[in-house]
Structure formats: structure tokens, C-alpha cells
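Colleague: Next comes the structure file protein_15.cif, holding mmCIF, C-alpha atoms.
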data_query
#
loop_
_atom_site.label_atom_id
_atom_site.label_comp_id
_atom_site.auth_asym_id
_atom_site.auth_seq_id
_atom_site.Cartn_x
_atom_site.Cartn_y
_atom_site.Cartn_z
CA MET A 1 -62.87 249.43 145.25
CA LYS A 2 -60.08 247.74 147.18
CA LYS A 3 -59.04 244.33 145.94
CA PRO A 4 -59.63 241.68 148.64
CA LEU A 5 -56.56 240.00 150.07
CA SER A 6 -55.98 236.36 149.29
CA ILE A 7 -56.37 234.00 152.24
CA GLY A 8 -52.73 232.94 151.87
CA ILE A 9 -51.37 236.48 152.10
CA ALA A 10 -53.67 237.34 154.98
CA LEU A 11 -52.50 234.29 156.94
CA VAL A 12 -48.87 235.16 156.26
CA ALA A 13 -49.48 238.69 157.51
CA LEU A 14 -51.15 237.44 160.68
CA ASN A 15 -48.25 235.09 161.31
CA LEU A 16 -45.79 237.96 160.85
CA SER A 17 -47.70 240.09 163.33
CA ALA A 18 -47.48 237.34 165.91
CA SER A 19 -43.80 236.54 165.40
CA ALA A 20 -42.09 239.60 163.95
CA TRP A 21 -39.16 239.16 166.30
CA ALA A 22 -38.43 235.72 164.81
CA GLN A 23 -37.43 237.29 161.49
CA THR A 24 -34.47 239.19 160.17
CA ALA A 25 -34.77 242.45 158.24
CA GLY A 26 -33.83 240.59 155.06
CA GLN A 27 -36.54 237.98 155.55
CA PHE A 28 -39.14 240.65 156.22
CA MET A 29 -38.47 242.86 153.20
CA ASN A 30 -38.22 239.87 150.84
CA ASN A 31 -41.31 238.08 152.15
CA PRO A 32 -43.66 237.25 149.22
CA ALA A 33 -46.56 238.84 151.13
CA PHE A 34 -44.88 242.24 150.82
CA THR A 35 -43.20 242.18 147.40
CA GLY A 36 -46.11 243.48 145.34
CA GLN A 37 -46.91 247.08 144.55
CA ARG A 38 -46.85 249.58 147.37
CA PRO A 39 -50.39 250.14 148.74
CA ALA A 40 -52.09 253.41 147.84
CA GLN A 41 -52.57 253.99 151.56
CA CYS A 42 -51.04 252.59 154.74
CA ILE A 43 -53.97 252.22 157.13
CA SER A 44 -54.64 248.57 157.94
CA THR A 45 -52.01 246.48 159.70
CA LEU A 46 -51.22 244.57 156.52
CA GLU A 47 -50.95 247.79 154.51
CA MET A 48 -48.59 249.24 157.10
CA GLN A 49 -46.50 246.06 156.92
CA GLN A 50 -46.38 246.30 153.13
CA CYS A 51 -45.44 249.99 153.25
CA ALA A 52 -42.74 249.28 155.83
CA ALA A 53 -41.32 246.50 153.64
CA HIS A 54 -41.15 248.87 150.66
CA ASP A 55 -39.48 251.56 152.78
CA LEU A 56 -37.01 249.02 154.12
CA ARG A 57 -36.09 247.79 150.64
CA ASP A 58 -35.48 251.37 149.51
CA ALA A 59 -33.40 252.19 152.59
CA ASP A 60 -31.44 248.94 152.29
CA ALA A 61 -30.68 249.58 148.60
CA GLU A 62 -29.42 253.08 149.39
CA MET A 63 -27.31 251.77 152.26
CA SER A 64 -25.82 249.06 150.01
CA LYS A 65 -24.91 251.71 147.45
CA ARG A 66 -23.11 253.81 150.08
CA TYR A 67 -21.32 250.70 151.35
CA ALA A 68 -20.11 249.84 147.83
CA GLU A 69 -18.88 253.40 147.25
CA LEU A 70 -16.93 253.42 150.49
CA ARG A 71 -15.54 249.94 149.87
CA ALA A 72 -14.30 250.95 146.41
CA SER A 73 -12.23 253.73 147.99
CA LEU A 74 -10.42 251.47 150.47
CA ASN A 75 -7.36 249.25 150.29
CA THR A 76 -7.55 245.50 150.94
CA ALA A 77 -6.95 245.68 154.69
CA ALA A 78 -9.47 248.47 155.18
CA ARG A 79 -12.06 246.55 153.15
CA LYS A 80 -11.74 243.57 155.47
CA THR A 81 -12.28 245.86 158.45
CA LEU A 82 -15.32 247.43 156.79
CA LEU A 83 -16.77 243.98 156.03
CA THR A 84 -16.37 242.93 159.66
CA GLU A 85 -18.06 246.14 160.80
CA GLN A 86 -20.91 245.70 158.33
CA ARG A 87 -21.58 242.12 159.39
CA ALA A 88 -21.66 243.20 163.02
CA TRP A 89 -24.03 246.03 162.16
CA LEU A 90 -26.40 243.67 160.29
CA LYS A 91 -26.61 241.45 163.37
CA SER A 92 -27.21 244.43 165.64
CA ARG A 93 -29.94 245.75 163.32
CA ASP A 94 -31.92 242.55 163.80
CA ARG A 95 -31.11 242.16 167.49
CA ASP A 96 -31.83 245.73 168.58
CA CYS A 97 -35.04 246.17 166.59
CA VAL A 98 -36.75 242.85 167.31
CA SER A 99 -36.96 243.83 170.97
CA LYS A 100 -39.63 246.35 169.94
CA GLY A 101 -41.93 243.45 169.03
CA ARG A 102 -41.50 241.41 172.19
CA ASN A 103 -44.87 242.44 173.57
CA GLY A 104 -46.63 240.92 170.57
CA GLY A 105 -49.89 242.29 169.20
CA THR A 106 -50.94 243.07 165.66
CA MET A 107 -48.62 246.08 165.44
CA ALA A 108 -45.50 244.23 166.57
CA SER A 109 -44.12 243.65 163.08
CA VAL A 110 -44.83 247.26 162.08
CA ALA A 111 -42.88 248.56 165.08
CA VAL A 112 -39.97 246.24 164.33
CA ALA A 113 -39.94 247.10 160.62
CA SER A 114 -40.10 250.84 161.32
CA CYS A 115 -37.05 250.44 163.53
CA TRP A 116 -35.24 248.55 160.75
CA VAL A 117 -35.98 251.39 158.33
CA GLU A 118 -34.66 254.08 160.67
CA VAL A 119 -31.45 252.29 161.67
CA THR A 120 -30.75 251.41 158.02
CA LYS A 121 -31.10 255.06 157.04
CA SER A 122 -28.76 255.98 159.89
CA ARG A 123 -26.21 253.43 158.70
CA SER A 124 -26.43 254.82 155.17
CA SER A 125 -25.76 258.34 156.48
CA ALA A 126 -22.81 257.10 158.54
CA LEU A 127 -21.25 255.37 155.53
CA GLU A 128 -21.75 258.47 153.39
CA LYS A 129 -20.17 260.65 156.08
CA GLU A 130 -17.19 258.31 156.38
CA LEU A 131 -16.66 258.39 152.61
CA GLY A 132 -16.94 262.19 152.58
CA SER A 133 -14.43 262.49 155.40
CA LYS A 134 -12.00 260.21 153.59
CA VAL A 135 -12.39 262.11 150.32
CA ASN A 136 -11.96 265.54 151.90
CA SER A 137 -8.79 264.52 153.72
CA ALA A 138 -7.17 262.82 150.74
CA ALA A 139 -4.71 264.48 148.38
CA PRO A 140 -5.46 264.25 144.63
CA LEU A 141 -3.87 261.27 142.91
CA PRO A 142 -1.24 261.85 140.20
CA ALA A 143 -2.33 261.80 136.56
CA SER A 144 -0.32 258.60 136.06
CA ALA A 145 -2.91 256.75 138.16
CA PHE A 146 -5.44 257.32 135.36
CA ILE A 147 -3.50 257.72 132.10
CA GLY A 148 -3.47 254.62 129.91
CA ARG A 149 -5.68 252.11 128.13
CA TRP A 150 -8.30 250.29 130.16
CA ARG A 151 -10.73 247.51 129.23
CA GLY A 152 -14.00 246.65 130.93
CA GLY A 153 -15.04 243.55 129.00
CA ASP A 154 -17.90 243.17 126.50
CA GLY A 155 -16.30 245.73 124.19
CA THR A 156 -16.11 248.53 126.75
CA VAL A 157 -12.94 250.60 126.73
CA MET A 158 -11.59 253.72 128.40
CA LYS A 159 -8.51 255.48 127.03
CA ILE A 160 -7.17 258.38 129.08
CA THR A 161 -4.54 260.81 127.82
CA ARG A 162 -3.21 264.14 129.00
CA GLN A 163 -4.72 267.31 127.55
CA GLY A 164 -3.12 270.41 129.02
CA ASP A 165 -3.97 270.63 132.71
CA SER A 166 -6.81 268.14 132.26
CA LEU A 167 -7.22 264.59 131.05
CA LEU A 168 -9.04 263.50 127.89
CA ILE A 169 -11.25 260.44 128.33
CA ASP A 170 -12.12 258.45 125.20
CA ASN A 171 -14.83 256.12 126.47
CA GLN A 172 -16.88 253.28 124.97
CA TRP A 173 -19.09 252.34 127.94
CA GLY A 174 -21.57 250.12 126.10
CA LEU A 175 -22.17 248.26 122.85
CA ASP A 176 -24.54 250.82 121.32
CA ALA A 177 -23.12 253.42 118.95
CA ASP A 178 -24.39 256.27 121.12
CA MET A 179 -22.52 254.89 124.13
CA HIS A 180 -19.20 256.33 122.98
CA GLY A 181 -17.76 259.76 123.53
CA LYS A 182 -14.80 261.91 124.48
CA PHE A 183 -14.87 263.86 127.72
CA VAL A 184 -12.55 266.21 129.57
CA GLY A 185 -11.84 265.11 133.13
CA THR A 186 -10.39 266.87 136.14
CA ILE A 187 -8.49 265.17 138.95
CA THR A 188 -9.89 265.94 142.40
CA SER A 189 -9.36 264.43 145.84
CA ASP A 190 -12.36 262.20 145.05
CA GLY A 191 -10.93 260.86 141.78
CA LEU A 192 -11.15 261.76 138.10
CA ARG A 193 -14.37 263.73 137.58
CA PHE A 194 -16.05 264.19 134.21
CA GLU A 195 -19.50 264.85 132.79
CA ARG A 196 -20.97 262.16 130.56
CA ASN A 197 -24.32 262.78 128.90
CA GLY A 198 -25.31 265.31 131.53
CA VAL A 199 -24.31 263.12 134.48
CA MET A 200 -21.24 263.76 136.63
CA GLU A 201 -19.16 260.61 136.94
CA THR A 202 -16.16 259.86 139.13
CA VAL A 203 -13.40 257.41 138.19
CA ARG A 204 -11.46 255.94 141.11
CA PRO A 205 -8.58 253.45 141.20
CA GLY A 206 -9.79 250.15 142.58
CA MET A 207 -9.94 246.39 142.30
CA GLY A 208 -11.65 244.41 139.56
CA ASP A 209 -13.53 242.38 142.16
CA SER A 210 -15.44 245.49 143.24
CA VAL A 211 -17.21 245.61 139.84
CA ASN A 212 -19.94 243.23 138.68
CA ARG A 213 -18.01 242.12 135.59
CA SER A 214 -16.54 238.64 135.28
CA ALA A 215 -13.87 239.93 132.86
CA LEU A 216 -12.35 242.03 135.66
CA ARG A 217 -12.38 239.35 138.34
CA GLY A 218 -9.04 238.99 140.10
CA LYS A 219 -7.46 242.03 138.44
CA LYS A 220 -5.70 244.56 140.64
CA ASP A 221 -4.89 247.63 138.51
CA CYS A 222 -8.33 248.97 137.62
CA LEU A 223 -10.51 252.06 137.46
CA VAL A 224 -13.97 251.92 139.01
CA VAL A 225 -16.85 254.15 137.89
CA SER A 226 -19.65 252.30 139.67
CA ARG A 227 -20.58 248.86 140.95
CA ASP A 228 -21.52 247.92 137.37
CA GLU A 229 -18.83 249.79 135.44
CA GLY A 230 -15.08 249.43 135.64
CA TYR A 231 -11.98 249.01 133.50
CA CYS A 232 -8.61 247.36 134.08
CA ARG A 233 -5.28 248.30 132.54
CA TYR A 234 -3.98 246.38 129.53
#
Can you present the structure in this file as C-alpha cells?
Modeller:
Amino acid sequence: MKKPLSIGIALVALNLSASAWAQTAGQFMNNPAFTGQRPAQCISTLEMQQCAAHDLRDADAEMSKRYAELRASLNTAARKTLLTEQRAWLKSRDRDCVSKGRNGGTMASVAVASCWVEVTKSRSSALEKELGSKVNSAAPLPASAFIGRWRGGDGTVMKITRQGDSLLIDNQWGLDADMHGKFVGTITSDGLRFERNGVMETVRPGMGDSVNRSALRGKKDCLVVSRDEGYCRY
């Protein structure tokens, strides 16, 4: 048996249907009326709104990941250009999609949200393509760009030494005892690639500010594994 909607959520949904074009994509996907579990089915207007909000959050998270990956591969000037482009795209996402709800009606917000989902997926693909193009056209970095001792804060360390034609990575990537290991890495045009616990990782030179670690803030000579993992030379 379906659980009845609260009066508050129902009123919020009706208001969204009537004024979908007054919102931004961010406001829509973070609206409290749509932040619960995804409905088992997307049939009623409210259910379709909730499903669209879930789809938009997923698409936006994927797009943000692609943006961060591309940003980490760029120099300072190129990052500023990318930021300007991204801000312009965010404005165009809201502007271009809200026009689909101008005629009003109960399905207005669904039409607008569906547009947001599609253009966000398209942006994600464009960012991924741009990163791939940059990687494929780049020459591999010299081993000296990776060799050395690197700290990530909170006890995390990465020590990279030469081992024949490859590089040996001695890595403590967390506080737990099982978050330490030695791995053989290979330099490619994408960065230093190695397999860690069954997952392929890529180490790229970057800035400390591109990693969510306060210990790396402001540092310039760093290696970035992901948005949440990085190390700077010491």
C-alpha cells in the first residue's frame, strides 16, 4: 500500500508544478520534497518530479566528477578558463531549460527537470571527451615528475622510486594497517598508472588546492590521485 503524501510535501510539489521556471537546477534537485528515497514507480506528477530530481542529482554528481578530473589536468590559466566556461554553462542550463515550463501546467516542472538531466549528461560527456583528447595528445611526463617522497596529511604518504623501466610506489593511503602497500606503476600520457587493491589508479601532477585536504592547501608541487586523495612533495 502506498504511503500517503504529507500535506506539506504535496503543497510544495503543487507549487513547483506552477512555477518550475522560477527555480534553478540546484534548487530543484536539493528541494526537501525530493530528497527522500526514489519512488518505486514514476507515474504521478509528484513521483515523476521525485524521479527527475534523483536523476538530476546523479547526472550532476557525474558531471562534477568529470569537471574535477579535467581541472586537475590543467595549469592555472587553463583552470580559470574552464571555471569561466563552467559558470556560463550553469547559467545556460537554467535559462535554456526553464523555457520548457513557460506554458505552465502540472507537467511543467517535469519537462524542465528532464531537460536539466539531459543537458547535464551532455556536459559530462563533453568534459570527458575534452579530458580524453588532452590525454591522448600529451606526451608522457618524465619519471622525475613522480619520483620522491610525498605527504598527504593525516599520516598518508607516497614514496616513489625507480624500479627498472617502471616505478615502485610505497603507499600509505589511510590510517588502517591494511591501507598500506607497494605497487608497480607505469608512466603513460595520462599519468602514473598502478593497480591498488584491484582498482586502477592514476597519479597526476597537480595543485594541492585541487584536493579536499587542508594539509595540502596552497601547495604547488603535488600529486593528485582523486578529489579526496593527494600528496605534496617534502
Colleague: Just so the selection is clear, what residues does the PyMOL selection byres ((chain A and resi 38-49) around 7) cover here, as JSON, numbers by chain?
Modeller: {"A": [13, 36, 37, 50, 51, 52, 53, 54, 106, 107, 110]}
Colleague: Would you pick out the contacts of Arg149 in chain A at 10 Å or less, using only C-alpha atoms, so that residues sharing its chain but fewer than 3 positions from it are not included, and give the list as a PyMOL selection string?
Modeller: chain A and resi 146+157-161+170+231-234
Colleague: Calculate how many Å separate CA of Arg123 in chain A from CA of Lys91 in chain A, rounding to one decimal.
Modeller: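 Between CA of Arg123 in chain A and CA of Lys91 in chain A the gap works out to 12.9 Å.
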Colleague: Residues within 10 Å of Ala25 in chain A, please, as number ranges by chain. Count only C-alpha atoms; anything in the same chain fewer than 2 positions from it doesn't count.
Modeller: A: 20-21, 23, 27-31, 53, 56-57, 60, 90-91, 93-95, 97-98, 112-113, 115-117, 120
Colleague: With all atoms listed in the file as the atoms that count, which of A:Ser64, A:Ser133, A:Asn171, A:Thr202 lies nearest to Gly148 in chain A?
Modeller: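 Ranking A:Ser64, A:Ser133, A:Asn171, A:Thr202 by distance to Gly148 in chain A, first place goes to A:Asn171.
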Colleague: Give me, please, the distance in Å between CA of Asp96 in chain A and CA of Leu82 in chain A, quoted to one decimal.
Modeller: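 Going from CA of Asp96 in chain A over to CA of Leu82 in chain A, I get 20.4 Å.
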Colleague: When you draw a straight line from CA of Leu83 in chain A to CA of Pro140 in chain A, how long is it in Å?
Modeller: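 CA of Leu83 in chain A sits 25.9 Å away from CA of Pro140 in chain A.
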Colleague: Using all atoms listed in the file, which of the listed residues (A:Gly174, A:Thr81, A:Ala143, A:Asn212) sits closest to Leu192 in chain A?
Modeller: A:Ala143
Colleague: Which residue gives the smallest distance to Asp178 in chain A among A:Val211, A:Gly218, A:Asp55, A:Asn197, with only C-alpha atoms counted?
Modeller: A:Asn197
Colleague: I'd like to know which of A:Cys222, A:Met179, A:Ala78, A:Val199 is closest to Ile147 in chain A, using only C-alpha atoms.
Modeller: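 Using only C-alpha atoms, the shortest distance to Ile147 in chain A belongs to A:Cys222.
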Colleague: With distances taken over all atoms listed in the file, which residue among A:Asp154, A:Glu69, A:Glu62, A:Glu85 lies nearest Ser226 in chain A?
Modeller: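 For Ser226 in chain A, the nearest of the given residues is A:Glu69.
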Colleague: So, counting only C-alpha atoms, which residue among A:Arg71, A:Arg193, A:Arg151, A:Lys219 is closest to Leu168 in chain A?
Modeller: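 Closest to Leu168 in chain A of all the choices is A:Arg193.
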Colleague: Spell out the residues picked by the PyMOL selection byres ((chain A and resi 131) around 10) here, as an mmCIF file with C-alpha atoms, in the frame of the given file.
Modeller:
data_model
loop_
_atom_site.group_PDB
_atom_site.id
_atom_site.type_symbol
_atom_site.label_atom_id
_atom_site.label_comp_id
_atom_site.auth_asym_id
_atom_site.auth_seq_id
_atom_site.Cartn_x
_atom_site.Cartn_y
_atom_site.Cartn_z
ATOM 1 C CA ARG A 66 -23.110 253.810 150.080
ATOM 2 C CA TYR A 67 -21.320 250.700 151.350
ATOM 3 C CA GLU A 69 -18.880 253.400 147.250
ATOM 4 C CA LEU A 70 -16.930 253.420 150.490
ATOM 5 C CA ARG A 71 -15.540 249.940 149.870
ATOM 6 C CA ALA A 72 -14.300 250.950 146.410
ATOM 7 C CA SER A 73 -12.230 253.730 147.990
ATOM 8 C CA LEU A 74 -10.420 251.470 150.470
ATOM 9 C CA SER A 125 -25.760 258.340 156.480
ATOM 10 C CA ALA A 126 -22.810 257.100 158.540
ATOM 11 C CA LEU A 127 -21.250 255.370 155.530
ATOM 12 C CA GLU A 128 -21.750 258.470 153.390
ATOM 13 C CA LYS A 129 -20.170 260.650 156.080
ATOM 14 C CA GLU A 130 -17.190 258.310 156.380
ATOM 15 C CA GLY A 132 -16.940 262.190 152.580
ATOM 16 C CA SER A 133 -14.430 262.490 155.400
ATOM 17 C CA LYS A 134 -12.000 260.210 153.590
ATOM 18 C CA VAL A 135 -12.390 262.110 150.320
ATOM 19 C CA ASN A 136 -11.960 265.540 151.900
ATOM 20 C CA ASP A 190 -12.360 262.200 145.050
#
Colleague: How big is the axis-aligned box around the listed atoms of range 154-160 of chain A once 6 Å is added on each side, and where is its centre? Give both in Å to one decimal, as lines of an AutoDock Vina configuration file.
Modeller:
center_x = -12.5
center_y = 250.8
center_z = 126.6
size_x = 22.7
size_y = 27.2
size_z = 16.9
